[in-house]
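Here's the structure, in structure tokens; my notes come after.
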Amino acid sequence: MKKILLFASVLLSLSFVACDEDDGFDKDLTPIEDQYTGALAIKVFDNTDNIVGNVPVYLYLTYEDLRNDYALRVKSTTGAGVVQFTELLEGSYYVRTGKTLADGWYADTGVVQVLVSRQTNRELYLSK
């Protein structure tokens with residue numbers, strides 16, 4: 001179990017990179033009106049830092065669900081490369097995205113902490 005948590009921590013630190021302030025995607029926690037749940041917004045980029053639209057993003061409740069591919073929710077990104085999950089209970093969630101590009105399969109996986117009355121914004125980068 002310790003190895004899994006360590007692996008998840010490493011994935012988190014490698015997967016999520018700070019975003020530019022100019023792209024309209026605020027990395028800080030954004031207050032929302034719901035006092036019982038939180039929200040999560042994911043922005044997806046390809047291996048050359050271009051926004052990727054119409055790519056599925058999978059949300060998992062546990063690492064075991066991720067391993068067995070039992071997604072809690074699945075949504076596709078908009079043309080702006082963003083997908084939003086709302087009404088999430090506070091806690092840790094696993095996210096995964098993937099897409100076949102010109103030269104093969106690209107994907108990213110990460111761990112996200114959702115807080116009550118806040119929207120957490122994260123970025124995923126498709127890589128081989």
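Chain labels run A, B, ... following the order of the structure tokens; each chain numbers its residues from 1, and ligands are numbered from 1 in the order shown.
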Strand (DSSP E or B) call set, DSSP backbone run, range 51-106 of chain A, as JSON, numbers by chain: {"A": [51, 56, 57, 58, 59, 60, 73, 74, 75, 76, 82, 83, 84, 85, 86, 87, 88, 91, 92, 93, 94, 95, 96, 97, 98, 99, 100, 101, 104, 105, 106]}
Output as CSV one row per residue of range 24-66 of chain A within 7 Å of range 85-102 of chain A: the closest atom pair and its distance in Å to one decimal place, counting only C-alpha atoms, sorted by chain and residue number ascending.
```
residue,atom,partner,partner_atom,distance
A:Thr37,CA,A:Leu89,CA,4.9
A:Gly38,CA,A:Leu88,CA,5.1
A:Ala39,CA,A:Thr86,CA,4.4
A:Leu40,CA,A:Phe85,CA,5.1
A:Ala41,CA,A:Phe85,CA,6.3
A:Val55,CA,A:Lys99,CA,6.5
A:Pro56,CA,A:Thr97,CA,5.9
A:Val57,CA,A:Thr97,CA,4.7
A:Tyr58,CA,A:Arg96,CA,5.1
A:Leu59,CA,A:Val95,CA,4.8
A:Tyr60,CA,A:Tyr94,CA,4.9
A:Leu61,CA,A:Tyr93,CA,5.1
A:Thr62,CA,A:Tyr93,CA,6.6
A:Tyr63,CA,A:Tyr94,CA,6.9
```
Residue neighbourhood Pro31 in chain A, 8 Å, only C-alpha atoms, exclusion window fewer than 3 positions, as a PyMOL selection string: chain A and resi 117-119
Expected answer as a list of chain:residue names: alpha helix (DSSP H) residues in range 26-108 of chain A: A:Tyr63, A:Glu64, A:Asp65, A:Leu66, A:Arg67, A:Asn68
Would you write out those residues with N, CA and C atoms, as a PDB file, in the first residue's frame?
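Wrote out_13.pdb, looks like this:
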```pdb
ATOM      1  N   TYR A  63      -7.778   4.128  -6.410  1.00  0.00           N
ATOM      2  CA  TYR A  63      -6.720   3.592  -7.266  1.00  0.00           C
ATOM      3  C   TYR A  63      -7.123   2.229  -7.822  1.00  0.00           C
ATOM      4  N   GLU A  64      -7.813   1.443  -7.011  1.00  0.00           N
ATOM      5  CA  GLU A  64      -8.292   0.133  -7.470  1.00  0.00           C
ATOM      6  C   GLU A  64      -9.265   0.289  -8.642  1.00  0.00           C
ATOM      7  N   ASP A  65     -10.139   1.282  -8.562  1.00  0.00           N
ATOM      8  CA  ASP A  65     -11.056   1.560  -9.677  1.00  0.00           C
ATOM      9  C   ASP A  65     -10.276   1.950 -10.928  1.00  0.00           C
ATOM     10  N   LEU A  66      -9.238   2.732 -10.757  1.00  0.00           N
ATOM     11  CA  LEU A  66      -8.385   3.120 -11.887  1.00  0.00           C
ATOM     12  C   LEU A  66      -7.744   1.886 -12.518  1.00  0.00           C
ATOM     13  N   ARG A  67      -7.192   1.009 -11.695  1.00  0.00           N
ATOM     14  CA  ARG A  67      -6.550  -0.207 -12.201  1.00  0.00           C
ATOM     15  C   ARG A  67      -7.527  -1.101 -12.957  1.00  0.00           C
ATOM     16  N   ASN A  68      -8.783  -1.144 -12.479  1.00  0.00           N
ATOM     17  CA  ASN A  68      -9.799  -1.991 -13.106  1.00  0.00           C
ATOM     18  C   ASN A  68     -10.642  -1.252 -14.139  1.00  0.00           C
TER      19      ASN A  68
END
```
Polymer residues at most 7 Å from Val83 in chain A, only C-alpha atoms, same-chain spacing of 3 or more positions, as a VMD selection string: chain A and resid 41 to 43 75 to 78
One-decimal distance in Å that lies between CA of Thr30 in chain A and CA of Ala107 in chain A: 26.5 Å
From A:Ala80, A:Val74, A:Val111, A:Ile32, residue lying nearest Ile51 in chain A [only C-alpha atoms]: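 Residue with the minimum atom-to-atom distance to Ile51 in chain A: A:Ala80.
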Point-to-point distance in Å for CA of Leu124 in chain A and CA of Asn47 in chain A: 10.2 Å
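The spacing separating CA of Gly53 in chain A from CA of Tyr106 in chain A amounts to 13.9 Å.
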